[in-house]
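The structure appears right after this line, and notes come after that.
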Amino acid sequence: MLWSFIAVFFSGWLYVDASYRGPTWQRWVFKPVTLLLLLLLAWQAPMFNATGYLILAGLAATLLGDALTLLPTQRMLYAIGAFFLSHLLYTLYFASQMTFSFFWPLPLVLLVIGALLTAVIWTRLETFRWPILTFIGMTLVMVWLAGELYFFLPTRPSFSGFIGATLLLLGNIVWLGSHYRRRFTGDSAIAAACYFAGHFMIVRALYI
């Protein structure tokens, strides 16, 4: 895993650095390369089983979504759908490992976060209001079930998955807030760092 981790880290760092100050071609190259390396890392996991295919499929959906964002704006709806599918597959992965439990503070906090994010960007979403609202809801459900799994079964894999899902939520908050409300210095780099770290932590759950 060490060399695979180094390859993922180096490729992801090159993309994050390019998001902050680098050339456009570097972003176009290293985002799909990093995701492909994560796919390979997940495929080689020693704990890979039937549910591990959900993570592979989630990464593949993310790769598709990233490719669609490079196309004209009218394809953005399909990109949002691909990211929604990715988070849905991750959610099914977390749900497949647990029986129902309920730690009520977590969904309450997530509802507040979702409401605040929606309030901040709602007036700027225009025709993408409902697709993005659905995507936010799916992301919150993913974090909720990842957290429920950790509180129900506090192991290193469940903790890694919970952290990964939380980082993906944080990355989406930064991305949506900066894209639809106000840009700030380093917003793309922060969103990219959370994005890759989140996917990596979910893949890492297959190794520990």
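Just so we're on the same page: first chain in the structure tokens is A, next is B, and so on; residues restart at 1 for each chain, and ligands are numbered from 1 in the order they show up.
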
Exercise: region 74-91 of chain A partners within 10 Å, only C-alpha atoms, chain neighbours under 4 positions left out, as a PyMOL selection string:
chain A and resi 51-70+95-96+127-128+131-132+134-146+161+165+168+199+202

As a PyMOL selection string, list the residues of region 40-166 of chain A assigned to helix (DSSP H, G or I) by DSSP on the backbone atoms of this structure.
chain A and resi 40-43+52-69+73-95+105-124+126-152+156-166

I need the residues from that last selection saved to file as an mmCIF file, in the first residue's frame (with C-alpha atoms), if you can.
data_model
loop_
_atom_site.group_PDB
_atom_site.id
_atom_site.type_symbol
_atom_site.label_atom_id
_atom_site.label_comp_id
_atom_site.auth_asym_id
_atom_site.auth_seq_id
_atom_site.Cartn_x
_atom_site.Cartn_y
_atom_site.Cartn_z
ATOM 1 C CA LEU A 40 -6.452 0.792 -8.519
ATOM 2 C CA LEU A 41 -5.783 1.202 -4.801
ATOM 3 C CA ALA A 42 -9.312 0.052 -3.947
ATOM 4 C CA TRP A 43 -9.083 -2.906 -6.331
ATOM 5 C CA GLY A 52 -16.114 -3.273 -2.019
ATOM 6 C CA TYR A 53 -17.538 -3.075 -5.540
ATOM 7 C CA LEU A 54 -19.787 -0.292 -4.267
ATOM 8 C CA ILE A 55 -16.688 1.812 -3.551
ATOM 9 C CA LEU A 56 -15.240 0.983 -6.973
ATOM 10 C CA ALA A 57 -18.513 1.949 -8.621
ATOM 11 C CA GLY A 58 -18.644 5.144 -6.559
ATOM 12 C CA LEU A 59 -15.176 6.140 -7.715
ATOM 13 C CA ALA A 60 -16.090 5.345 -11.322
ATOM 14 C CA ALA A 61 -19.198 7.545 -11.036
ATOM 15 C CA THR A 62 -17.058 10.337 -9.610
ATOM 16 C CA LEU A 63 -14.624 10.006 -12.510
ATOM 17 C CA LEU A 64 -17.540 10.246 -14.940
ATOM 18 C CA GLY A 65 -18.879 13.322 -13.145
ATOM 19 C CA ASP A 66 -15.498 15.029 -13.343
ATOM 20 C CA ALA A 67 -15.310 14.297 -17.066
ATOM 21 C CA LEU A 68 -18.766 15.804 -17.577
ATOM 22 C CA THR A 69 -17.774 19.031 -15.803
ATOM 23 C CA THR A 73 -22.525 24.047 -19.110
ATOM 24 C CA GLN A 74 -25.600 22.199 -20.333
ATOM 25 C CA ARG A 75 -23.904 18.945 -19.262
ATOM 26 C CA MET A 76 -23.650 20.125 -15.659
ATOM 27 C CA LEU A 77 -26.924 18.430 -14.763
ATOM 28 C CA TYR A 78 -25.473 15.067 -15.790
ATOM 29 C CA ALA A 79 -22.341 15.760 -13.745
ATOM 30 C CA ILE A 80 -24.448 16.458 -10.663
ATOM 31 C CA GLY A 81 -26.297 13.200 -11.327
ATOM 32 C CA ALA A 82 -22.996 11.299 -11.496
ATOM 33 C CA PHE A 83 -21.817 12.798 -8.200
ATOM 34 C CA PHE A 84 -25.205 11.962 -6.669
ATOM 35 C CA LEU A 85 -24.791 8.358 -7.832
ATOM 36 C CA SER A 86 -21.289 8.220 -6.343
ATOM 37 C CA HIS A 87 -22.526 9.311 -2.925
ATOM 38 C CA LEU A 88 -25.482 6.940 -3.174
ATOM 39 C CA LEU A 89 -23.119 4.010 -3.784
ATOM 40 C CA TYR A 90 -20.963 5.036 -0.830
ATOM 41 C CA THR A 91 -24.113 5.274 1.283
ATOM 42 C CA LEU A 92 -25.115 1.740 0.301
ATOM 43 C CA TYR A 93 -21.615 0.579 1.271
ATOM 44 C CA PHE A 94 -21.976 2.043 4.762
ATOM 45 C CA ALA A 95 -25.545 0.779 5.135
ATOM 46 C CA PRO A 105 -27.314 14.504 17.614
ATOM 47 C CA LEU A 106 -25.688 13.595 14.271
ATOM 48 C CA PRO A 107 -28.736 13.962 11.975
ATOM 49 C CA LEU A 108 -29.721 17.103 13.885
ATOM 50 C CA VAL A 109 -26.322 18.711 13.220
ATOM 51 C CA LEU A 110 -26.430 17.609 9.576
ATOM 52 C CA LEU A 111 -29.916 19.077 9.121
ATOM 53 C CA VAL A 112 -28.676 22.415 10.451
ATOM 54 C CA ILE A 113 -25.640 22.304 8.140
ATOM 55 C CA GLY A 114 -27.818 21.436 5.151
ATOM 56 C CA ALA A 115 -30.320 24.195 5.946
ATOM 57 C CA LEU A 116 -27.580 26.823 6.318
ATOM 58 C CA LEU A 117 -25.867 25.788 3.080
ATOM 59 C CA THR A 118 -29.158 25.826 1.186
ATOM 60 C CA ALA A 119 -30.044 29.257 2.584
ATOM 61 C CA VAL A 120 -26.676 30.669 1.483
ATOM 62 C CA ILE A 121 -26.786 29.473 -2.122
ATOM 63 C CA TRP A 122 -30.520 29.110 -2.847
ATOM 64 C CA THR A 123 -31.068 32.381 -4.706
ATOM 65 C CA ARG A 124 -28.079 31.740 -7.003
ATOM 66 C CA GLU A 126 -31.519 29.149 -10.765
ATOM 67 C CA THR A 127 -32.367 26.078 -12.900
ATOM 68 C CA PHE A 128 -30.103 23.822 -10.810
ATOM 69 C CA ARG A 129 -32.005 24.377 -7.556
ATOM 70 C CA TRP A 130 -33.630 20.995 -7.182
ATOM 71 C CA PRO A 131 -30.800 18.855 -8.599
ATOM 72 C CA ILE A 132 -28.287 20.502 -6.263
ATOM 73 C CA LEU A 133 -30.668 20.340 -3.304
ATOM 74 C CA THR A 134 -31.106 16.611 -3.978
ATOM 75 C CA PHE A 135 -27.333 16.205 -4.220
ATOM 76 C CA ILE A 136 -26.839 18.004 -0.892
ATOM 77 C CA GLY A 137 -29.478 15.768 0.693
ATOM 78 C CA MET A 138 -27.747 12.638 -0.608
ATOM 79 C CA THR A 139 -24.403 13.838 0.751
ATOM 80 C CA LEU A 140 -25.927 14.486 4.178
ATOM 81 C CA VAL A 141 -27.479 11.010 4.210
ATOM 82 C CA MET A 142 -24.087 9.517 3.300
ATOM 83 C CA VAL A 143 -22.392 11.282 6.218
ATOM 84 C CA TRP A 144 -25.245 10.317 8.537
ATOM 85 C CA LEU A 145 -25.017 6.595 7.746
ATOM 86 C CA ALA A 146 -21.206 6.670 7.862
ATOM 87 C CA GLY A 147 -21.458 8.255 11.307
ATOM 88 C CA GLU A 148 -24.123 5.811 12.466
ATOM 89 C CA LEU A 149 -21.865 2.946 11.371
ATOM 90 C CA TYR A 150 -18.981 4.369 13.384
ATOM 91 C CA PHE A 151 -21.084 4.929 16.520
ATOM 92 C CA PHE A 152 -22.651 1.458 16.120
ATOM 93 C CA ARG A 156 -10.745 1.852 12.404
ATOM 94 C CA PRO A 157 -12.423 1.091 9.038
ATOM 95 C CA SER A 158 -15.704 2.703 10.123
ATOM 96 C CA PHE A 159 -13.825 5.724 11.509
ATOM 97 C CA SER A 160 -11.913 6.088 8.238
ATOM 98 C CA GLY A 161 -15.166 5.926 6.280
ATOM 99 C CA PHE A 162 -16.813 8.507 8.544
ATOM 100 C CA ILE A 163 -13.901 10.907 8.163
ATOM 101 C CA GLY A 164 -13.916 10.375 4.394
ATOM 102 C CA ALA A 165 -17.639 11.100 4.084
ATOM 103 C CA THR A 166 -17.275 14.197 6.294
#

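Contact shell of Ser178 (chain A) at 12 Å (only C-alpha atoms; same-chain neighbours under 6 positions omitted): Leu117, Val120, Ile121, Arg124, Gly171, Asn172, Phe184, Thr185, Gly186, Asp187, Ser188, Ala189, Ile190 and Ala191 of chain A.
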
Which polymer residues have any atom within 12 Å of an atom of Trp25 (chain A), counting only C-alpha atoms, with same-chain residues fewer than 5 positions away left out, as a VMD selection string?
chain A and resid 14 to 15 18 to 19 30 to 32 70

Dump N, CA, C and O atoms for the selected residues as a PDB file, in the first residue's frame?
ATOM      1  N   LEU A  14      -0.356  17.442  -6.778  1.00  0.00           N
ATOM      2  CA  LEU A  14      -0.129  18.193  -8.010  1.00  0.00           C
ATOM      3  C   LEU A  14      -1.423  18.856  -8.488  1.00  0.00           C
ATOM      4  O   LEU A  14      -1.405  19.987  -8.988  1.00  0.00           O
ATOM      5  N   TYR A  15      -2.544  18.150  -8.316  1.00  0.00           N
ATOM      6  CA  TYR A  15      -3.808  18.759  -8.718  1.00  0.00           C
ATOM      7  C   TYR A  15      -4.194  19.896  -7.776  1.00  0.00           C
ATOM      8  O   TYR A  15      -4.625  20.967  -8.223  1.00  0.00           O
ATOM      9  N   ALA A  18      -2.133  22.842  -8.503  1.00  0.00           N
ATOM     10  CA  ALA A  18      -2.563  23.488  -9.748  1.00  0.00           C
ATOM     11  C   ALA A  18      -3.862  24.255  -9.550  1.00  0.00           C
ATOM     12  O   ALA A  18      -4.083  25.290 -10.188  1.00  0.00           O
ATOM     13  N   SER A  19      -4.737  23.768  -8.666  1.00  0.00           N
ATOM     14  CA  SER A  19      -5.985  24.465  -8.399  1.00  0.00           C
ATOM     15  C   SER A  19      -5.727  25.822  -7.760  1.00  0.00           C
ATOM     16  O   SER A  19      -6.525  26.753  -7.918  1.00  0.00           O
ATOM     17  N   PHE A  30      -4.185  15.694 -13.778  1.00  0.00           N
ATOM     18  CA  PHE A  30      -3.975  14.997 -12.513  1.00  0.00           C
ATOM     19  C   PHE A  30      -5.248  14.703 -11.731  1.00  0.00           C
ATOM     20  O   PHE A  30      -5.216  13.885 -10.807  1.00  0.00           O
ATOM     21  N   LYS A  31      -6.359  15.340 -12.074  1.00  0.00           N
ATOM     22  CA  LYS A  31      -7.601  14.943 -11.408  1.00  0.00           C
ATOM     23  C   LYS A  31      -8.035  13.543 -11.822  1.00  0.00           C
ATOM     24  O   LYS A  31      -8.253  12.681 -10.966  1.00  0.00           O
ATOM     25  N   PRO A  32      -8.141  13.243 -13.136  1.00  0.00           N
ATOM     26  CA  PRO A  32      -8.499  11.860 -13.504  1.00  0.00           C
ATOM     27  C   PRO A  32      -7.416  10.858 -13.145  1.00  0.00           C
ATOM     28  O   PRO A  32      -7.724   9.715 -12.786  1.00  0.00           O
ATOM     29  N   LEU A  70     -16.100  19.001 -17.558  1.00  0.00           N
ATOM     30  CA  LEU A  70     -15.229  19.620 -18.557  1.00  0.00           C
ATOM     31  C   LEU A  70     -15.968  19.972 -19.837  1.00  0.00           C
ATOM     32  O   LEU A  70     -15.440  20.683 -20.684  1.00  0.00           O
TER      33      LEU A  70
END
